[in-house]
Amino acid sequence: MEPINFYLGDESRLVIEDFKSKKESLFKDSYDKALDVIYDFIQDSKKNKSEVDKDGASVFFRQTADSVKNNVVAFLGDRGTGKTSCMLSVANMLRKINSCENDERGEKIKSLCEKGFEILETIDPSFFDEKANVLEVVLGRLFSNFRKKVDDGYTQGFKEKERKKNELFKTFQEVKECLTHMNADKCVCEEDTAEGLLKLTASVDMRNSIENLVEDYLEFVGRDYLVISIDDIDMHTEHAYEMAEEIRKYLKQPKIIVLMALKLEQLEQTIEFYFNKIMSEKIVPKSTIVDMALKYVIKLIPENNRIHLPSVSMFADREVNVYRKSENGEGKKYKGYHWLLVNKNRDDDKSEDHSYQTLKYYVTSLIFRKTRYLFYHFQGKISPIVPSNLRELRFLIEMLNNMDIVDK
């Protein structure tokens with residue numbers, strides 16, 4: 001099994017990996033499962049597209065979110081477990097799918113997606129408020145990318161690209177019109193006008209318009225699928241349910257892959273909070289509301305689409321390499337810098353027991369060398385002094401390496 005590599009000074013940065021670094025990554029199994037889910041979704045969407053339903057049923061069911069295989073891949077874990085890095089690394093692998101370097105799963109996805117993936121910039125909860133939701137942010141990002149390509153001369157001199165540009169612009173206008181009707185005041189039933197009828201069908205029209213928009217956009221940029229990354233949706237307690245509903249109703253599309261990083265328990269609590277709020281005037285047992293929230297989350301993120309991030313205890317027995325940036329250009333090259341290994345065997349004594357080189361023994365050994373406090377690992381258990389959180393572990397290793405060794 002490959003050793004774990006830690007790079008001092010890199011603790012607070014996101015770790016974005018690719019197919020090359022995936023082979024020795026802590027999250028290799030998580031990456032593999034995520035890529036398997038994505039492959040299954042793409043395979044299913046292609047299969048459905050090839051099955052032409054002569055009686056028109058395919059057109060009818062196109063209007064519902066549940067007519068499409070679930071396209072959400074959720075990276076789950078507590079704060080500091082690396083779920084955002086893992087999500088962005090998978091997005092990065094999809095971006096570089098044409099250079100998957102003989103990776104089995106990458107090759108399988110590549111065989112179905114010759115044109116590759118269009119990756120939107122990650123959506124952060126700080127963008128969300130009562131006026132700007134997930135749907136509006138996604139549409140805004142798509143239009144911004146479209147306008148940038150046009151401004152950069154992407155279509156100049158190409159009649160076909162100019163035609164696609166004009167068609168795509170019209171589709172953007174249709175979606176904007178649907179969005180305007182959806183956001184209008186809800187006085188639908190009172191209005192016996194064409195405007196009132198438009199409001200009634202706005203939600204269904206919006207779903208179909210987004211599907212058309214995504215297809216036109218992907219054709220314009222020359223890609224097969226659109227990848228949307230959403231980080232920490234559970235952190236926005238007040239609007240988490242509304243955002244989840246928008247993802248389920250409008251972004252569950254045959255040409256969209258949604259990557260999400262969140263803490264599952266917290267999302268369940270925010271959904272439960274929403275149901276409690278809307279049922280405050282009704283006598284509903286708490287157990288019923290909890291069950292409703294749980295079933296909703298299961299529908300939004302099926303069990304097979306959940307990527308649970310590993311805890312520190314799962315790799316505590318693996319060997320560890322700790323590197324510091326080299327000042328003289330020696331050592332291993334990583335992210336454009338040279339790094340020197342700093343946890344070499346003491347005095348290169350080959351007869352010494354090197355069991356402390358595994359992660360859990362490395363931490364307790366380092367604590368002893370820097371503080372002269374000795375902590376033991378009990379049989380089958382890891383000392384509580386070793387953090388169970390990956391972020392805390394990395395910060396502890398950095399702090400200890402920056403401390404002076406206590407004189408014997």
# chains A, B, ... in the order shown; residues from 1 in each chain; ligands from 1
call {"tool": "select_by_dssp", "arguments": {"residues": "region 92-269 of chain A", "states": "strand (DSSP E)", "output": "PyMOL selection string"}}
result
chain A and resi 117-119+225-231+256-262
call {"tool": "residues_around", "arguments": {"residues": "Glu398 (chain A)", "least_positions_apart": "6", "cutoff": "12 Å", "atoms": "only C-alpha atoms", "output": "list in words"}}
result
Phe6, Tyr7, Leu8, Gly9, Asp10, Glu11, Ser12, Val322, Tyr323, Arg324, Val342, Val363, Leu366, Ile367, Arg391 and Glu392 of chain A
call {"tool": "write_last_selection", "arguments": {"atoms": "C-alpha atoms", "output": "compact mmCIF listing (two decimals), in the first residue's frame"}}
result
# COMPACT_ATOMS: atom_id res chain seq x y z
CA PHE A 6 1.86 15.31 3.86
CA TYR A 7 3.37 18.59 2.65
CA LEU A 8 4.10 21.11 5.41
CA GLY A 9 2.60 24.53 4.72
CA ASP A 10 -0.08 23.06 2.44
CA GLU A 11 -2.57 22.37 5.24
CA SER A 12 -5.06 25.19 4.69
CA VAL A 322 6.22 14.27 5.58
CA TYR A 323 7.84 16.83 3.26
CA ARG A 324 9.06 20.40 3.67
CA VAL A 342 11.71 15.36 6.92
CA VAL A 363 2.30 11.35 15.54
CA LEU A 366 6.78 13.23 17.16
CA ILE A 367 4.88 14.45 20.23
CA ARG A 391 -7.68 18.85 8.81
CA GLU A 392 -6.82 18.83 12.53
call {"tool": "residues_around", "arguments": {"residues": "Tyr241 (chain A)", "least_positions_apart": "3", "cutoff": "12 Å", "atoms": "only C-alpha atoms", "output": "ChimeraX atom specification"}}
result
/A:133-134,233-238,244-248,266-278,293,296-297,300
call {"tool": "closest_atom_pairs", "arguments": {"of": "region 112-154 of chain A", "to": "region 24-41 of chain A", "cutoff": "12 Å", "atoms": "only C-alpha atoms", "output": "CSV"}}
result
residue,atom,partner,partner_atom,distance
A:Leu112,CA,A:Tyr39,CA,8.4
A:Cys113,CA,A:Tyr39,CA,9.9
A:Phe117,CA,A:Ile38,CA,11.8
call {"tool": "residues_around", "arguments": {"residues": "Tyr217 (chain A)", "least_positions_apart": "5", "cutoff": "9 Å", "atoms": "only C-alpha atoms", "output": "PDB file with C-alpha atoms, in the first residue's frame"}}
result
ATOM      1  CA  LEU A 142     -23.748  29.675 -17.999  1.00  0.00           C
ATOM      2  CA  PHE A 146     -21.334  32.128 -23.075  1.00  0.00           C
ATOM      3  CA  LYS A 164     -25.514  28.158 -32.731  1.00  0.00           C
ATOM      4  CA  LYS A 165     -24.734  31.376 -30.887  1.00  0.00           C
ATOM      5  CA  LEU A 168     -28.443  29.708 -27.738  1.00  0.00           C
ATOM      6  CA  ASN A 212     -33.022  22.746 -24.052  1.00  0.00           C
ATOM      7  CA  GLY A 222     -18.477  21.284 -27.963  1.00  0.00           C
ATOM      8  CA  ARG A 223     -18.959  19.210 -24.804  1.00  0.00           C
TER       9      ARG A 223
END
call {"tool": "closest_residue", "arguments": {"among": "A:Lys332, A:Lys176, A:Asp205, A:Lys360", "to": "Phe378 (chain A)", "atoms": "only C-alpha atoms"}}
result
A:Lys360
call {"tool": "select_by_dssp", "arguments": {"residues": "region 101-295 of chain A", "states": "alpha helix (DSSP H)", "output": "PyMOL selection string"}}
result
chain A and resi 104-112+134-151+159-182+194-221+240-250+264-278+286-295
call {"tool": "write_last_selection", "arguments": {"atoms": "C-alpha atoms", "output": "mmCIF file, in the first residue's frame"}}
result
data_model
loop_
_atom_site.group_PDB
_atom_site.id
_atom_site.type_symbol
_atom_site.label_atom_id
_atom_site.label_comp_id
_atom_site.auth_asym_id
_atom_site.auth_seq_id
_atom_site.Cartn_x
_atom_site.Cartn_y
_atom_site.Cartn_z
ATOM 1 C CA GLU A 104 -9.668 1.959 -15.811
ATOM 2 C CA ARG A 105 -12.601 4.106 -14.716
ATOM 3 C CA GLY A 106 -11.397 7.142 -16.588
ATOM 4 C CA GLU A 107 -11.101 5.094 -19.775
ATOM 5 C CA LYS A 108 -14.670 3.793 -19.371
ATOM 6 C CA ILE A 109 -16.075 7.316 -19.005
ATOM 7 C CA LYS A 110 -13.913 8.590 -21.849
ATOM 8 C CA SER A 111 -15.309 5.889 -24.148
ATOM 9 C CA LEU A 112 -18.806 7.365 -23.640
ATOM 10 C CA VAL A 134 -29.082 27.813 -6.970
ATOM 11 C CA LEU A 135 -30.967 27.973 -10.249
ATOM 12 C CA GLU A 136 -30.256 31.653 -10.839
ATOM 13 C CA VAL A 137 -26.556 31.262 -9.972
ATOM 14 C CA VAL A 138 -26.205 28.309 -12.406
ATOM 15 C CA LEU A 139 -27.974 30.193 -15.197
ATOM 16 C CA GLY A 140 -25.871 33.272 -14.466
ATOM 17 C CA ARG A 141 -22.661 31.235 -14.698
ATOM 18 C CA LEU A 142 -23.748 29.675 -17.999
ATOM 19 C CA PHE A 143 -24.595 33.047 -19.521
ATOM 20 C CA SER A 144 -21.355 34.576 -18.233
ATOM 21 C CA ASN A 145 -19.339 31.771 -19.863
ATOM 22 C CA PHE A 146 -21.334 32.128 -23.075
ATOM 23 C CA ARG A 147 -20.781 35.900 -23.208
ATOM 24 C CA LYS A 148 -17.062 35.529 -22.488
ATOM 25 C CA LYS A 149 -16.644 33.091 -25.382
ATOM 26 C CA VAL A 150 -18.496 35.456 -27.719
ATOM 27 C CA ASP A 151 -16.433 38.449 -26.539
ATOM 28 C CA LYS A 159 -21.094 30.513 -39.846
ATOM 29 C CA GLU A 160 -22.133 27.367 -37.976
ATOM 30 C CA LYS A 161 -20.908 28.748 -34.646
ATOM 31 C CA GLU A 162 -22.687 32.039 -35.350
ATOM 32 C CA ARG A 163 -25.915 30.124 -35.980
ATOM 33 C CA LYS A 164 -25.514 28.158 -32.731
ATOM 34 C CA LYS A 165 -24.734 31.376 -30.887
ATOM 35 C CA ASN A 166 -27.982 32.997 -32.061
ATOM 36 C CA GLU A 167 -30.025 29.892 -31.176
ATOM 37 C CA LEU A 168 -28.443 29.708 -27.738
ATOM 38 C CA PHE A 169 -29.129 33.383 -27.085
ATOM 39 C CA LYS A 170 -32.818 32.820 -27.883
ATOM 40 C CA THR A 171 -32.888 29.854 -25.496
ATOM 41 C CA PHE A 172 -31.395 32.033 -22.743
ATOM 42 C CA GLN A 173 -34.197 34.533 -23.366
ATOM 43 C CA GLU A 174 -36.838 31.774 -23.056
ATOM 44 C CA VAL A 175 -35.378 30.610 -19.752
ATOM 45 C CA LYS A 176 -35.268 34.187 -18.463
ATOM 46 C CA GLU A 177 -38.937 34.607 -19.384
ATOM 47 C CA CYS A 178 -39.865 31.397 -17.517
ATOM 48 C CA LEU A 179 -37.856 32.563 -14.513
ATOM 49 C CA THR A 180 -39.687 35.896 -14.528
ATOM 50 C CA HIS A 181 -43.068 34.145 -14.451
ATOM 51 C CA MET A 182 -41.931 31.789 -11.672
ATOM 52 C CA ALA A 194 -53.034 34.762 -20.421
ATOM 53 C CA GLU A 195 -50.509 36.012 -17.862
ATOM 54 C CA GLY A 196 -52.131 33.863 -15.195
ATOM 55 C CA LEU A 197 -52.017 30.777 -17.417
ATOM 56 C CA LEU A 198 -48.330 31.403 -18.121
ATOM 57 C CA LYS A 199 -47.663 31.398 -14.387
ATOM 58 C CA LEU A 200 -49.462 28.066 -14.016
ATOM 59 C CA THR A 201 -47.155 26.332 -16.511
ATOM 60 C CA ALA A 202 -43.970 28.238 -15.600
ATOM 61 C CA SER A 203 -42.494 25.455 -13.452
ATOM 62 C CA VAL A 204 -42.891 22.741 -16.100
ATOM 63 C CA ASP A 205 -41.767 25.115 -18.837
ATOM 64 C CA MET A 206 -38.704 26.034 -16.795
ATOM 65 C CA ARG A 207 -37.584 22.404 -16.515
ATOM 66 C CA ASN A 208 -37.954 21.822 -20.260
ATOM 67 C CA SER A 209 -36.346 25.172 -21.090
ATOM 68 C CA ILE A 210 -33.322 24.351 -18.941
ATOM 69 C CA GLU A 211 -32.972 20.984 -20.682
ATOM 70 C CA ASN A 212 -33.022 22.746 -24.052
ATOM 71 C CA LEU A 213 -30.627 25.415 -22.801
ATOM 72 C CA VAL A 214 -28.100 22.877 -21.516
ATOM 73 C CA GLU A 215 -28.247 20.886 -24.771
ATOM 74 C CA ASP A 216 -27.772 24.049 -26.861
ATOM 75 C CA TYR A 217 -24.998 25.308 -24.596
ATOM 76 C CA LEU A 218 -23.099 22.001 -24.715
ATOM 77 C CA GLU A 219 -23.447 21.905 -28.489
ATOM 78 C CA PHE A 220 -22.128 25.487 -28.660
ATOM 79 C CA VAL A 221 -19.029 24.775 -26.506
ATOM 80 C CA ALA A 240 -31.411 24.610 2.287
ATOM 81 C CA TYR A 241 -34.779 22.987 1.472
ATOM 82 C CA GLU A 242 -35.575 25.457 -1.328
ATOM 83 C CA MET A 243 -32.127 24.912 -2.847
ATOM 84 C CA ALA A 244 -32.479 21.132 -2.592
ATOM 85 C CA GLU A 245 -35.867 21.347 -4.331
ATOM 86 C CA GLU A 246 -34.423 23.426 -7.162
ATOM 87 C CA ILE A 247 -31.676 20.850 -7.679
ATOM 88 C CA ARG A 248 -34.205 18.010 -7.676
ATOM 89 C CA LYS A 249 -36.789 19.679 -9.933
ATOM 90 C CA TYR A 250 -34.683 21.621 -12.426
ATOM 91 C CA LEU A 264 -25.540 14.632 5.614
ATOM 92 C CA GLU A 265 -26.783 14.862 9.209
ATOM 93 C CA GLN A 266 -26.875 18.642 9.009
ATOM 94 C CA LEU A 267 -28.823 18.581 5.741
ATOM 95 C CA GLU A 268 -31.376 16.234 7.345
ATOM 96 C CA GLN A 269 -31.703 18.644 10.275
ATOM 97 C CA THR A 270 -32.276 21.645 7.995
ATOM 98 C CA ILE A 271 -34.942 19.749 6.020
ATOM 99 C CA GLU A 272 -36.535 18.719 9.317
ATOM 100 C CA PHE A 273 -36.467 22.363 10.441
ATOM 101 C CA TYR A 274 -38.302 23.363 7.243
ATOM 102 C CA PHE A 275 -41.016 20.711 7.699
ATOM 103 C CA ASN A 276 -41.441 21.763 11.326
ATOM 104 C CA LYS A 277 -41.888 25.351 10.205
ATOM 105 C CA ILE A 278 -44.566 24.686 7.561
ATOM 106 C CA LYS A 286 -42.013 14.806 15.767
ATOM 107 C CA SER A 287 -41.208 11.237 14.678
ATOM 108 C CA THR A 288 -43.340 11.765 11.550
ATOM 109 C CA ILE A 289 -41.475 14.960 10.625
ATOM 110 C CA VAL A 290 -38.100 13.265 11.204
ATOM 111 C CA ASP A 291 -39.201 10.381 8.976
ATOM 112 C CA MET A 292 -40.378 12.792 6.257
ATOM 113 C CA ALA A 293 -37.030 14.606 6.292
ATOM 114 C CA LEU A 294 -35.106 11.324 6.144
ATOM 115 C CA LYS A 295 -37.143 10.033 3.174
#
call {"tool": "closest_residue", "arguments": {"among": "A:Pro3, A:Gly116, A:Pro285, A:Pro310", "to": "Gln357 (chain A)", "atoms": "only C-alpha atoms"}}
result
A:Pro3
call {"tool": "residues_around", "arguments": {"residues": "Thr358 (chain A)", "least_positions_apart": "4", "cutoff": "7 Å", "atoms": "only C-alpha atoms", "output": "list in words"}}
result
Ala316, Asp317, Arg318, Glu319, Val320 and Tyr362 of chain A
call {"tool": "closest_residue", "arguments": {"among": "A:Arg369, A:Gly77, A:Asn71, A:Gly153", "to": "Asn304 (chain A)", "atoms": "only C-alpha atoms"}}
result
A:Asn71
